[in-house]
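Student: Below you'll find protein.csv; it's CSV, C-alpha atoms.
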```csv
chain,number,residue,atom,x,y,z
A,27,MET,CA,-53.8,-24.7,78.6
A,28,VAL,CA,-52.7,-22.5,75.7
A,29,SER,CA,-49.5,-24.5,75.2
A,30,LEU,CA,-51.5,-27.7,75.3
A,31,SER,CA,-53.8,-26.4,72.6
A,32,GLY,CA,-50.8,-25.5,70.4
A,33,ASN,CA,-49.2,-28.9,71.0
A,34,LEU,CA,-52.4,-30.7,70.0
A,35,LEU,CA,-52.6,-28.7,66.8
A,36,PHE,CA,-49.0,-29.4,66.0
A,37,ALA,CA,-49.5,-33.1,66.7
A,38,SER,CA,-52.5,-33.3,64.4
A,39,PHE,CA,-50.4,-31.7,61.6
A,40,ILE,CA,-47.7,-34.3,62.0
A,41,LEU,CA,-50.2,-37.1,62.1
A,42,TYR,CA,-51.9,-35.9,58.9
A,43,LEU,CA,-48.5,-35.7,57.3
A,44,ILE,CA,-47.7,-39.3,58.3
A,45,ALA,CA,-51.2,-40.5,57.2
A,46,THR,CA,-50.7,-38.9,53.8
A,47,VAL,CA,-47.5,-41.0,53.3
A,48,PHE,CA,-49.3,-44.2,54.3
A,49,PHE,CA,-52.2,-43.4,52.0
A,50,ALA,CA,-49.7,-42.9,49.2
A,51,GLY,CA,-48.1,-46.2,50.1
A,52,SER,CA,-51.5,-48.0,50.1
A,53,ILE,CA,-52.1,-47.5,46.4
A,54,LYS,CA,-49.3,-49.9,45.5
A,55,ASP,CA,-49.3,-53.6,45.8
A,56,LYS,CA,-46.6,-55.9,47.1
A,57,LYS,CA,-44.7,-55.7,43.9
A,58,GLY,CA,-44.7,-51.9,43.9
A,59,LYS,CA,-47.3,-51.7,41.1
A,60,LEU,CA,-50.0,-49.1,41.4
A,61,LYS,CA,-53.4,-50.4,42.5
A,62,GLU,CA,-56.8,-49.0,43.6
A,63,LYS,CA,-58.8,-52.0,44.7
A,64,GLY,CA,-59.9,-50.6,48.1
A,65,PRO,CA,-58.1,-50.4,51.4
A,66,ASN,CA,-55.2,-52.7,52.3
A,67,LYS,CA,-53.3,-52.8,55.6
A,68,TRP,CA,-51.5,-49.5,54.8
A,69,ALA,CA,-54.7,-47.8,54.1
A,70,LYS,CA,-56.1,-49.1,57.4
A,71,ILE,CA,-53.1,-47.7,59.3
A,72,ALA,CA,-53.5,-44.4,57.4
A,73,ILE,CA,-57.1,-43.9,58.3
A,74,PHE,CA,-56.4,-44.9,61.9
A,75,ILE,CA,-53.6,-42.2,62.1
A,76,THR,CA,-56.0,-39.7,60.4
A,77,ILE,CA,-58.6,-40.3,63.0
A,78,ILE,CA,-56.1,-39.9,65.8
A,79,GLY,CA,-55.0,-36.6,64.2
A,80,PHE,CA,-58.6,-35.5,63.9
A,81,ILE,CA,-59.2,-36.2,67.6
A,82,SER,CA,-56.0,-34.3,68.5
A,83,GLN,CA,-57.1,-31.3,66.4
A,84,LEU,CA,-60.6,-31.5,68.0
A,85,GLY,CA,-58.8,-31.4,71.4
A,86,TYR,CA,-57.0,-28.3,70.2
A,87,PHE,CA,-60.3,-26.7,69.2
A,88,ILE,CA,-62.0,-27.5,72.6
A,89,THR,CA,-59.0,-26.4,74.8
A,90,ARG,CA,-58.7,-23.1,72.8
A,91,TRP,CA,-62.5,-22.6,73.3
A,92,ILE,CA,-62.1,-23.1,77.0
A,93,VAL,CA,-59.2,-20.6,77.3
A,94,ALA,CA,-60.7,-18.0,75.0
A,95,GLY,CA,-64.2,-18.3,76.4
A,96,HIS,CA,-65.7,-18.3,72.9
A,97,ALA,CA,-65.6,-20.5,69.8
A,98,PRO,CA,-62.2,-20.2,68.2
A,99,VAL,CA,-63.4,-19.1,64.7
A,100,SER,CA,-63.0,-15.3,65.0
A,101,ASN,CA,-59.8,-14.7,62.9
A,102,MET,CA,-57.8,-16.1,60.1
A,103,PHE,CA,-55.8,-18.5,62.2
A,104,GLU,CA,-58.9,-19.9,64.1
A,105,PHE,CA,-61.1,-20.1,61.0
A,106,GLY,CA,-58.5,-21.7,58.8
A,107,THR,CA,-57.7,-24.4,61.4
A,108,PHE,CA,-61.4,-25.1,61.9
A,109,PHE,CA,-61.8,-25.3,58.1
A,110,ALA,CA,-59.0,-27.9,58.0
A,111,LEU,CA,-60.6,-29.8,60.9
A,112,SER,CA,-64.0,-29.9,59.0
A,113,LEU,CA,-62.3,-31.0,55.8
A,114,VAL,CA,-60.6,-33.9,57.6
A,115,GLY,CA,-63.9,-34.9,59.3
A,116,ALA,CA,-65.7,-34.8,55.9
A,117,PHE,CA,-62.9,-37.0,54.4
A,118,ILE,CA,-63.2,-39.6,57.2
A,119,VAL,CA,-66.9,-39.9,56.5
A,120,LEU,CA,-66.5,-40.2,52.8
A,121,TYR,CA,-63.6,-42.7,53.2
A,122,TYR,CA,-65.8,-45.1,55.1
A,123,MET,CA,-68.5,-44.6,52.5
A,124,TYR,CA,-66.4,-45.3,49.4
A,125,LYS,CA,-63.2,-47.0,50.8
A,126,THR,CA,-61.0,-45.0,48.5
A,127,PRO,CA,-57.5,-44.5,49.9
A,128,LEU,CA,-56.5,-42.2,46.9
A,129,LEU,CA,-58.9,-39.6,48.2
A,130,GLY,CA,-56.6,-39.2,51.3
A,131,VAL,CA,-53.6,-38.5,49.1
A,132,PHE,CA,-55.3,-35.5,47.6
A,133,THR,CA,-57.4,-34.3,50.6
A,134,LEU,CA,-54.9,-34.4,53.5
A,135,PRO,CA,-52.3,-32.2,51.8
A,136,VAL,CA,-55.0,-29.6,51.4
A,137,ALA,CA,-55.8,-29.8,55.1
A,138,LEU,CA,-52.0,-29.5,55.8
A,139,LEU,CA,-51.8,-26.4,53.6
A,140,LEU,CA,-54.8,-24.9,55.4
A,141,ILE,CA,-53.2,-25.4,58.8
A,142,ALA,CA,-49.8,-24.2,57.7
A,143,PHE,CA,-51.3,-21.2,56.0
A,144,SER,CA,-53.4,-20.3,59.0
A,145,SER,CA,-50.5,-20.7,61.4
A,146,MET,CA,-48.7,-17.9,59.7
A,147,PHE,CA,-51.2,-15.4,61.1
A,148,SER,CA,-51.5,-14.2,64.7
A,149,ARG,CA,-52.3,-17.0,67.1
A,150,ASP,CA,-52.9,-14.7,70.1
A,151,ILE,CA,-56.2,-15.1,71.9
A,152,SER,CA,-58.0,-11.7,72.1
A,153,PRO,CA,-61.4,-10.5,73.3
A,154,LEU,CA,-64.2,-10.4,70.7
A,155,ILE,CA,-65.2,-7.1,69.3
A,156,PRO,CA,-68.8,-6.1,70.1
A,157,ALA,CA,-70.1,-7.2,66.7
A,158,LEU,CA,-68.9,-10.7,67.3
A,159,GLN,CA,-70.2,-11.1,70.8
A,160,SER,CA,-73.1,-13.3,69.8
A,161,HIS,CA,-74.0,-17.0,69.8
A,162,TRP,CA,-74.6,-16.5,66.0
A,163,LEU,CA,-70.8,-16.4,65.7
A,164,TYR,CA,-70.6,-20.1,66.4
A,165,ILE,CA,-73.7,-21.0,64.4
A,166,HIS,CA,-72.9,-18.9,61.3
A,167,VAL,CA,-69.2,-19.5,61.0
A,168,THR,CA,-69.0,-23.1,62.0
A,169,THR,CA,-71.8,-24.1,59.6
A,170,ALA,CA,-70.4,-22.1,56.8
A,171,ALA,CA,-66.9,-23.7,57.3
A,172,LEU,CA,-68.4,-27.2,57.5
A,173,GLY,CA,-70.3,-26.6,54.2
A,174,GLN,CA,-67.1,-25.3,52.5
A,175,ALA,CA,-65.2,-28.3,53.8
A,176,ILE,CA,-67.7,-30.8,52.3
A,177,LEU,CA,-67.6,-28.8,49.1
A,178,GLY,CA,-63.8,-29.1,49.3
A,179,MET,CA,-64.2,-32.9,49.0
A,180,SER,CA,-65.7,-32.3,45.6
A,181,PHE,CA,-62.5,-30.4,44.7
A,182,ALA,CA,-60.3,-33.4,45.7
A,183,ALA,CA,-62.4,-35.8,43.7
A,184,GLY,CA,-62.5,-33.4,40.7
A,185,LEU,CA,-58.8,-32.9,40.8
A,186,ILE,CA,-58.2,-36.7,40.8
A,187,TYR,CA,-60.6,-37.0,37.8
A,188,LEU,CA,-58.8,-34.3,35.8
A,189,VAL,CA,-55.3,-35.6,36.6
A,190,LYS,CA,-56.3,-38.9,35.2
A,191,ALA,CA,-58.6,-37.8,32.3
A,192,ILE,CA,-56.4,-35.1,30.8
A,193,ASP,CA,-53.8,-36.1,28.3
A,194,GLN,CA,-50.5,-34.7,29.6
A,195,SER,CA,-48.4,-35.8,26.5
A,196,LYS,CA,-49.2,-32.5,24.7
A,197,PRO,CA,-49.9,-28.9,25.7
A,198,SER,CA,-53.6,-27.8,25.6
A,199,LYS,CA,-56.0,-25.5,27.3
A,200,ARG,CA,-57.0,-28.4,29.6
A,201,THR,CA,-53.3,-29.0,30.7
A,202,PHE,CA,-52.8,-25.2,31.1
A,203,TRP,CA,-55.7,-24.7,33.5
A,204,LEU,CA,-55.0,-27.9,35.4
A,205,GLU,CA,-51.4,-26.7,35.8
A,206,THR,CA,-52.7,-23.3,37.0
A,207,ILE,CA,-54.6,-25.1,39.8
A,208,MET,CA,-51.4,-26.9,40.8
A,209,PHE,CA,-49.5,-23.6,40.7
A,210,GLY,CA,-52.0,-22.1,43.1
A,211,LEU,CA,-51.4,-24.9,45.6
A,212,ILE,CA,-47.6,-24.4,45.3
A,213,CYS,CA,-48.1,-20.6,46.0
A,214,THR,CA,-49.6,-21.6,49.3
A,215,VAL,CA,-46.4,-23.5,50.1
A,216,GLY,CA,-44.5,-20.4,49.0
A,217,PHE,CA,-46.5,-18.3,51.4
A,218,VAL,CA,-45.6,-20.5,54.3
A,219,LEU,CA,-41.9,-20.6,53.4
A,220,VAL,CA,-41.6,-16.8,52.8
A,221,THR,CA,-43.6,-15.9,55.9
A,222,THR,CA,-41.5,-18.2,58.1
A,223,THR,CA,-38.3,-16.9,56.6
A,224,PHE,CA,-39.0,-13.2,57.4
A,225,SER,CA,-40.3,-14.2,60.8
A,226,LEU,CA,-37.0,-15.9,61.6
A,227,LEU,CA,-35.2,-12.8,60.4
A,228,ASP,CA,-37.5,-10.7,62.6
A,229,TYR,CA,-38.2,-8.2,59.8
A,230,LYS,CA,-40.3,-5.2,60.9
A,231,ALA,CA,-41.0,-1.9,59.2
A,232,GLU,CA,-43.5,0.7,60.6
A,233,PHE,CA,-45.5,3.1,58.4
A,234,ASN,CA,-47.7,6.1,59.0
A,235,TRP,CA,-50.7,5.9,56.6
A,236,ILE,CA,-54.1,7.3,55.8
A,237,ASP,CA,-57.1,4.9,55.8
A,238,LYS,CA,-60.2,5.1,53.6
A,239,ASN,CA,-61.9,7.3,56.2
A,240,GLY,CA,-59.1,9.8,56.2
A,241,GLN,CA,-57.7,8.8,59.6
A,242,GLN,CA,-53.9,8.7,60.1
A,243,LEU,CA,-52.8,5.3,61.5
A,244,LYS,CA,-49.6,3.3,62.1
A,245,GLN,CA,-49.0,-0.1,60.5
A,246,GLU,CA,-46.2,-2.6,61.0
A,247,TYR,CA,-45.0,-4.8,58.1
A,248,THR,CA,-43.4,-8.1,58.8
A,249,MET,CA,-42.2,-8.5,55.2
A,250,PRO,CA,-40.5,-6.0,52.8
A,251,ALA,CA,-43.3,-3.7,51.4
A,252,ILE,CA,-43.7,-4.3,47.7
A,253,THR,CA,-47.2,-2.7,48.0
A,254,GLY,CA,-47.3,0.2,50.5
A,255,PRO,CA,-50.2,1.7,52.4
A,256,ASN,CA,-52.2,4.7,51.2
A,257,GLU,CA,-50.0,7.9,51.6
A,258,GLY,CA,-47.6,5.8,53.5
A,259,GLU,CA,-44.5,7.2,55.2
A,260,LEU,CA,-41.8,4.7,56.2
A,261,LEU,CA,-40.7,5.3,59.8
A,262,THR,CA,-38.2,2.5,60.3
A,263,ALA,CA,-34.7,3.4,58.9
A,264,GLY,CA,-33.0,1.1,56.6
A,265,LYS,CA,-36.0,-0.9,55.5
A,266,PHE,CA,-37.4,-1.5,52.0
A,267,GLU,CA,-39.4,1.4,50.4
A,268,PRO,CA,-42.7,0.3,48.8
A,269,LEU,CA,-42.6,-0.1,45.0
A,270,VAL,CA,-46.4,0.7,44.7
A,271,GLU,CA,-48.7,2.7,46.8
A,272,MET,CA,-52.3,1.3,47.3
A,273,PRO,CA,-55.5,3.2,47.8
A,274,GLY,CA,-57.2,3.2,51.2
A,275,ILE,CA,-59.8,0.7,50.2
A,276,ILE,CA,-57.1,-1.9,49.7
A,277,ASN,CA,-55.4,-3.6,52.7
A,278,ALA,CA,-51.9,-3.0,51.4
A,279,LYS,CA,-50.2,-5.0,54.1
A,280,LYS,CA,-52.2,-8.1,53.4
A,281,LEU,CA,-52.0,-7.6,49.6
A,282,ASN,CA,-48.2,-7.5,50.1
A,283,THR,CA,-48.4,-10.9,51.7
A,284,VAL,CA,-50.3,-12.2,48.6
A,285,VAL,CA,-47.7,-10.7,46.2
A,286,TRP,CA,-44.9,-12.3,48.2
A,287,SER,CA,-46.8,-15.6,48.0
A,288,LEU,CA,-47.1,-15.4,44.2
A,289,LEU,CA,-43.5,-14.5,43.8
A,290,SER,CA,-42.2,-17.3,46.0
A,291,GLY,CA,-44.7,-19.8,44.5
A,292,THR,CA,-43.5,-18.9,41.0
A,293,ILE,CA,-39.9,-19.5,42.0
A,294,ILE,CA,-40.7,-22.9,43.6
A,295,TYR,CA,-42.8,-23.9,40.6
A,296,LEU,CA,-40.1,-22.9,38.0
A,297,LEU,CA,-37.4,-24.8,40.0
A,298,PHE,CA,-39.7,-27.8,40.1
A,299,ARG,CA,-40.3,-27.7,36.3
A,300,LEU,CA,-36.6,-27.1,35.7
A,301,ILE,CA,-35.6,-30.2,37.8
A,302,ILE,CA,-38.4,-32.6,37.0
A,303,ARG,CA,-39.0,-31.3,33.4
A,304,LYS,CA,-42.7,-32.3,33.6
A,305,ARG,CA,-45.9,-30.6,34.5
A,306,VAL,CA,-47.1,-31.2,38.1
A,307,GLY,CA,-50.2,-32.9,36.6
A,308,ALA,CA,-48.0,-35.3,34.6
A,309,VAL,CA,-46.0,-36.2,37.7
A,310,LEU,CA,-49.2,-37.1,39.6
A,311,GLN,CA,-50.8,-39.0,36.7
A,312,PRO,CA,-49.3,-42.4,37.5
A,313,VAL,CA,-50.6,-42.1,41.0
A,314,VAL,CA,-54.2,-42.0,39.8
A,315,LYS,CA,-53.7,-44.5,37.0
A,316,ASN,CA,-56.1,-47.2,38.3
A,317,ILE,CA,-58.8,-45.1,39.9
A,318,LYS,CA,-62.3,-45.5,38.4
A,319,LEU,CA,-63.5,-42.2,37.0
A,320,ASP,CA,-67.1,-43.0,37.6
A,321,LEU,CA,-66.3,-43.5,41.3
A,322,VAL,CA,-64.6,-40.1,41.8
A,323,ASP,CA,-67.3,-38.4,39.7
A,324,GLU,CA,-69.9,-39.8,42.1
A,325,ILE,CA,-67.9,-38.7,45.2
A,326,GLY,CA,-67.6,-35.2,43.7
A,327,TYR,CA,-71.3,-35.0,43.0
A,328,ARG,CA,-72.5,-36.3,46.4
A,329,SER,CA,-70.1,-33.9,48.1
A,330,VAL,CA,-71.8,-30.9,46.4
A,331,LEU,CA,-75.2,-32.4,47.0
A,332,ILE,CA,-74.5,-32.5,50.8
A,333,GLY,CA,-72.2,-29.5,51.1
A,334,PHE,CA,-74.3,-27.0,49.1
A,335,PRO,CA,-77.3,-26.9,51.5
A,336,VAL,CA,-75.1,-26.8,54.6
A,337,PHE,CA,-73.1,-23.9,53.1
A,338,THR,CA,-76.3,-22.1,52.1
A,339,LEU,CA,-77.7,-22.5,55.6
A,340,GLY,CA,-74.5,-21.2,57.3
A,341,ALA,CA,-73.1,-18.6,54.9
A,342,LEU,CA,-76.3,-17.0,53.8
A,343,ILE,CA,-79.4,-17.8,56.0
A,344,PHE,CA,-77.6,-17.7,59.4
A,345,ALA,CA,-75.4,-14.9,58.2
A,346,MET,CA,-78.4,-12.7,57.2
A,347,ILE,CA,-80.1,-13.4,60.6
A,348,TRP,CA,-77.0,-12.4,62.4
A,349,ALA,CA,-76.5,-9.3,60.2
A,350,GLN,CA,-80.0,-8.1,61.1
A,351,ILE,CA,-79.2,-8.5,64.8
A,352,ALA,CA,-75.7,-6.9,64.6
A,353,TRP,CA,-76.1,-4.3,61.9
A,354,THR,CA,-79.9,-3.9,61.6
A,355,ARG,CA,-80.0,-5.1,58.0
A,356,PHE,CA,-80.1,-8.5,56.3
A,357,TRP,CA,-77.8,-7.6,53.4
A,358,GLY,CA,-75.3,-4.9,52.8
A,359,TRP,CA,-73.1,-5.9,49.8
A,360,ASP,CA,-70.0,-6.3,52.0
A,361,PRO,CA,-67.3,-8.0,50.0
A,362,LYS,CA,-67.6,-11.2,52.0
A,363,GLU,CA,-71.4,-11.2,51.6
A,364,VAL,CA,-71.0,-10.7,47.8
A,365,TRP,CA,-68.6,-13.6,47.5
A,366,ALA,CA,-70.8,-15.9,49.6
A,367,LEU,CA,-73.6,-15.1,47.2
A,368,ILE,CA,-71.3,-15.8,44.2
A,369,THR,CA,-70.4,-19.1,45.8
A,370,PHE,CA,-74.0,-20.0,46.3
A,371,LEU,CA,-75.0,-19.1,42.7
A,372,PHE,CA,-72.0,-21.1,41.3
A,373,TYR,CA,-72.9,-24.3,43.1
A,374,ALA,CA,-76.6,-23.8,42.3
A,375,ALA,CA,-75.5,-23.6,38.7
A,376,PHE,CA,-73.3,-26.7,39.2
A,377,LEU,CA,-76.4,-28.8,40.3
A,378,HIS,CA,-78.6,-27.3,37.6
A,379,LEU,CA,-76.1,-28.2,34.9
A,380,ARG,CA,-75.5,-31.6,36.4
A,381,LEU,CA,-79.1,-32.6,36.7
A,382,SER,CA,-80.7,-30.8,33.8
A,383,LYS,CA,-78.0,-30.6,31.2
A,384,GLY,CA,-76.1,-33.8,31.9
A,385,TRP,CA,-72.8,-32.2,32.8
A,386,HIS,CA,-71.2,-35.4,34.2
A,387,GLY,CA,-67.6,-36.5,34.1
A,388,GLU,CA,-64.9,-34.0,33.1
A,389,LYS,CA,-67.3,-31.0,32.9
A,390,SER,CA,-68.5,-31.7,36.4
A,391,ALA,CA,-64.9,-32.1,37.7
A,392,TRP,CA,-63.9,-28.7,36.2
A,393,LEU,CA,-66.9,-27.1,38.0
A,394,ALA,CA,-66.0,-28.7,41.3
A,395,VAL,CA,-62.4,-27.4,41.0
A,396,VAL,CA,-63.5,-23.9,40.0
A,397,GLY,CA,-66.0,-23.8,42.8
A,398,PHE,CA,-63.3,-24.5,45.4
A,399,VAL,CA,-61.1,-21.9,43.8
A,400,ILE,CA,-64.0,-19.4,44.4
A,401,ILE,CA,-64.2,-20.5,48.1
A,402,MET,CA,-60.4,-20.1,48.5
A,403,PHE,CA,-60.5,-16.7,46.8
A,404,ASN,CA,-63.1,-15.6,49.4
A,405,PHE,CA,-61.0,-17.1,52.2
A,406,VAL,CA,-57.6,-15.7,51.1
A,407,ALA,CA,-58.0,-12.7,48.8
A,408,VAL,CA,-61.2,-11.1,50.1
A,409,ASN,CA,-60.1,-11.6,53.7
A,410,LEU,CA,-56.6,-10.3,53.1
A,411,VAL,CA,-57.0,-7.6,50.5
A,412,ILE,CA,-60.4,-5.9,50.4
A,413,ALA,CA,-61.4,-3.9,53.4
A,414,GLY,CA,-64.9,-4.5,54.7
A,415,LEU,CA,-67.1,-5.3,57.7
A,416,HIS,CA,-65.5,-8.8,57.8
A,417,SER,CA,-61.9,-7.4,57.9
A,418,TYR,CA,-61.7,-8.5,61.6
A,419,ALA,CA,-61.5,-12.0,60.2
A,420,GLY,CA,-58.0,-11.2,59.0
```
For this file, write the structure as C-alpha cells.
Tutor:
Amino acid sequence: MVSLSGNLLFASFILYLIATVFFAGSIKDKKGKLKEKGPNKWAKIAIFITIIGFISQLGYFITRWIVAGHAPVSNMFEFGTFFALSLVGAFIVLYYMYKTPLLGVFTLPVALLLIAFSSMFSRDISPLIPALQSHWLYIHVTTAALGQAILGMSFAAGLIYLVKAIDQSKPSKRTFWLETIMFGLICTVGFVLVTTTFSLLDYKAEFNWIDKNGQQLKQEYTMPAITGPNEGELLTAGKFEPLVEMPGIINAKKLNTVVWSLLSGTIIYLLFRLIIRKRVGAVLQPVVKNIKLDLVDEIGYRSVLIGFPVFTLGALIFAMIWAQIAWTRFWGWDPKEVWALITFLFYAAFLHLRLSKGWHGEKSAWLAVVGFVIIMFNFVAVNLVIAGLHSYAG
C-alpha cells in the first residue's frame, strides 16, 4: 500500500508535467503563432491529463491516509503534496470557469515545484505526537492549505499580468522585482537538484549540539554544513566544518538547506542569463502576448475573494480553537501563528485597497504576487529555520 501511494504521487507528477507541455502547445495556432482565444484540442487534452493527474494524486492522499491511520498533512512532505493537490484542484475549477489555457502554463509548474520540493523531505510514515492527535488536525490544516492554494491562483494570474504589462526592453524597478520573483522559483529548482545530488552521494555528518533549552543533542546533516548548530561539535571525520555557528533559536540544519538552495539557485540563474542573455521575464513575455489583461486581473481578484475567507477560517479560526484544546490558549505568538496573522492582514489590505482605493490592474497583480511570497515564506523559511511549536511540521 505504501509503494502504491508513492507510485500514484509519481504518476501525478509526470501527468502534470505532460499537461504543462500540452497547455504550452495550446496557446499556438496551426501556423505556430501565439494565440489565446480559448481552449483548442491541445488544451482539451491538457485539462483531461491534468484531471487524471489530480485523481492519481488524490488516490495517493487516500492510500497514505489508510496506511498512516491519520490525514497525511502532519509534516513538510505531506503538507506540501496536499498543498499541490489543492492548487491543481483550484486550477481545474478556474479553468472551467474562464477557459484560459495559459493559466495552466503558470500554475502547473508551481504545483510541480511544490511536489518536488516536498519530496526532498522524509517520506516516512510516523505516529503523530500527542499535540497532533486530534480531528482538528484535519480540519485546521486541510482548510488552511486549501485557502492558500486558492490564493495561489491569484499569484499565477498576477504573474501573467506582470510578465505582459512590464516593459522588458529596459531595466527598471519593476523588471528588477519581477526578476526577483523568477529567481525565487529557480531557487526551488536549485533546492531539488542540490538535495538530490547529496542524497545520491550519501553525504552524512553528525554533530553534537546544544539546543535553546540547554540540552545536548545529536543532529545529522545530509549536506555540507555551511551553517552549523549552536555550540556544535563535528563527530564524523573528514566532513565539512561549518563556516558559521547559529544560535539555539535557529534550526541550523534547515537553514543550511535554505543557504544551499540560494547558492544553487544563483548558479542556475546566472548560467541561464549567460546562455539566453535575457531576463526570465523577457523570455516568457512572448507566451503571454495575446492574453487579455482584464481577464487575468479578474481571475486574480476572484481567487483572493474566495481564498481569503477559506484561509481565515482554516489558518486562524480553526487554528485558535485547536490551540485552546491542545495548549489551553487561543494565541501564543508562535512564529507560524504570527505569519498566519501577517498573511491575513495582507490579504485584508489587498481587498480594502482593491475595493476602496481602486487598486486594479498592475497594482493588484503586484499585491497578489507579494501575498503568495508571504505564504511561501511561511511554508519554507518559518518551517525550516525558526524553532517553534510548529517545528514538528518540518
Student: With a distance cut-off of 12 Å and only C-alpha atoms, select the neighbouring residues of region 214-226 of chain A, excluding the residue or stretch itself and same-chain residues fewer than 2 positions from it, and output the selection as a VMD selection string.
Tutor: chain A and resid 135 to 148 207 to 212 228 to 231 247 to 250 280 282 to 295 402 406
Student: Kindly provide the residues of region 294-343 of chain A that approach region 180-203 of chain A to within 9 Å, each paired with its closest atom pair and their distance in Å to one decimal, based on all atoms listed in the file, listed by chain and increasing number, as a tab-separated table.
Tutor:
```
residue	atom	partner	partner_atom	distance
A:Arg305	CA	A:Gln194	CA	7.9
A:Gly307	CA	A:Val189	CA	5.8
A:Ala308	CA	A:Gln194	CA	5.6
A:Leu310	CA	A:Val189	CA	7.0
A:Gln311	CA	A:Val189	CA	5.6
A:Pro312	CA	A:Lys190	CA	8.2
A:Val313	CA	A:Lys190	CA	8.7
A:Val314	CA	A:Lys190	CA	5.9
A:Lys315	CA	A:Lys190	CA	6.4
A:Asn316	CA	A:Lys190	CA	8.9
A:Ile317	CA	A:Lys190	CA	8.2
A:Lys318	CA	A:Tyr187	CA	8.7
A:Leu319	CA	A:Tyr187	CA	6.0
A:Asp320	CA	A:Tyr187	CA	8.8
A:Leu321	CA	A:Ala183	CA	9.0
A:Val322	CA	A:Ala183	CA	5.2
A:Asp323	CA	A:Ala183	CA	6.8
A:Glu324	CA	A:Ala183	CA	8.6
A:Ile325	CA	A:Ala183	CA	6.4
A:Gly326	CA	A:Ser180	CA	4.0
A:Tyr327	CA	A:Ser180	CA	6.7
A:Arg328	CA	A:Ser180	CA	7.9
A:Ser329	CA	A:Ser180	CA	5.3
A:Val330	CA	A:Ser180	CA	6.3
A:Gly333	CA	A:Ser180	CA	9.0
```
Student: Distance CA of Glu267 (chain A)-CA of Glu232 (chain A), one decimal place?
Tutor: 11.0 Å
Student: Between CA of Lys383 (chain A) and CA of Leu339 (chain A), measure the distance and give it in Å to one decimal.
Tutor: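 Here the two named atoms are 25.7 Å from each other.
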Student: Report as CSV: every residue of region 279-345 of chain A with an atom at most 10 Å from region 368-376 of chain A, its closest pair of atoms, and their distance in Å to one decimal, counting all atoms listed in the file, with rows sorted by chain and ascending residue number.
Tutor:
```
residue,atom,partner,partner_atom,distance
A:Tyr327,CA,A:Phe376,CA,9.3
A:Val330,CA,A:Tyr373,CA,7.5
A:Leu331,CA,A:Tyr373,CA,9.3
A:Gly333,CA,A:Tyr373,CA,9.6
A:Phe334,CA,A:Tyr373,CA,6.7
A:Pro335,CA,A:Phe370,CA,9.2
A:Phe337,CA,A:Phe370,CA,7.9
A:Thr338,CA,A:Phe370,CA,6.6
A:Ala341,CA,A:Phe370,CA,8.8
A:Leu342,CA,A:Phe370,CA,8.4
```
Student: As a PyMOL selection string, please: the residues near Arg90 (chain A) (cut-off 12 Å, all atoms listed in the file, same-chain neighbours under 3 positions excluded).
Tutor: chain A and resi 27-35+83-87+93-100+103-104+107-108+149-152
Student: Would you mind listing what lies within 7 Å of region 37-43 of chain A as a list in words, with all atoms listed in the file counted and same-chain residues fewer than 4 positions away left out?
Tutor: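 Surrounding residues, per the criterion: Asn33, Val47, Ile75, Thr76, Gly79, Phe80, Ser82, Gln83, Leu134 and Leu138 of chain A.
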Student: With all atoms listed in the file as the basis for distance, which of A:Trp91, A:His161, A:Glu259, A:Phe74 is at the shortest distance from Tyr122 (chain A)?
Tutor: A:Phe74
Student: Residues at most 8 Å from Thr253 (chain A), counting all atoms listed in the file, excluding those fewer than 4 positions away in the same chain, as a PyMOL selection string?
Tutor: chain A and resi 268-272+278-279+281-282
Student: Calculate how many Å separate CA of Gly254 (chain A) from CA of Asn234 (chain A), rounding to one decimal.
Tutor: 10.4 Å
Student: Which of these residues is nearest to Ala349 (chain A), using all atoms listed in the file: A:Ala394, A:Leu163, A:Ile276, A:Cys213?
Tutor: A:Leu163
Student: Looking at only C-alpha atoms, which of A:Leu204, A:Leu300, A:Leu177, A:Leu377 is the one that sits closest to Trp392 (chain A)?
Tutor: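 Ranking A:Leu204, A:Leu300, A:Leu177, A:Leu377 by distance to Trp392 (chain A), first place goes to A:Leu204.
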Student: Looking at all atoms listed in the file, which of A:Gly397, A:Pro255, A:Gly178, A:Pro153 is the one that sits closest to Ile236 (chain A)?
Tutor: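 Between A:Gly397, A:Pro255, A:Gly178, A:Pro153, the residue approaching Ile236 (chain A) most closely is A:Pro255.
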Student: So, with only C-alpha atoms as the atoms that count, which of A:Leu393, A:Met102, A:Trp365, A:Ala251 lies closest to His378 (chain A)?
Tutor: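 The shortest atom-to-atom distance to His378 (chain A) comes from A:Leu393.
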Student: Quick one: everything within 9 Å of region 127-130 of chain A, counting all atoms listed in the file, minus sequence neighbours fewer than 5 positions away in the same chain. Send it as number ranges by chain.
Tutor: A: 45-46, 49-50, 52-53, 62, 64-66, 69-70, 72-73, 117-118, 120-121, 135, 179, 182-183, 186, 313-314, 317, 322
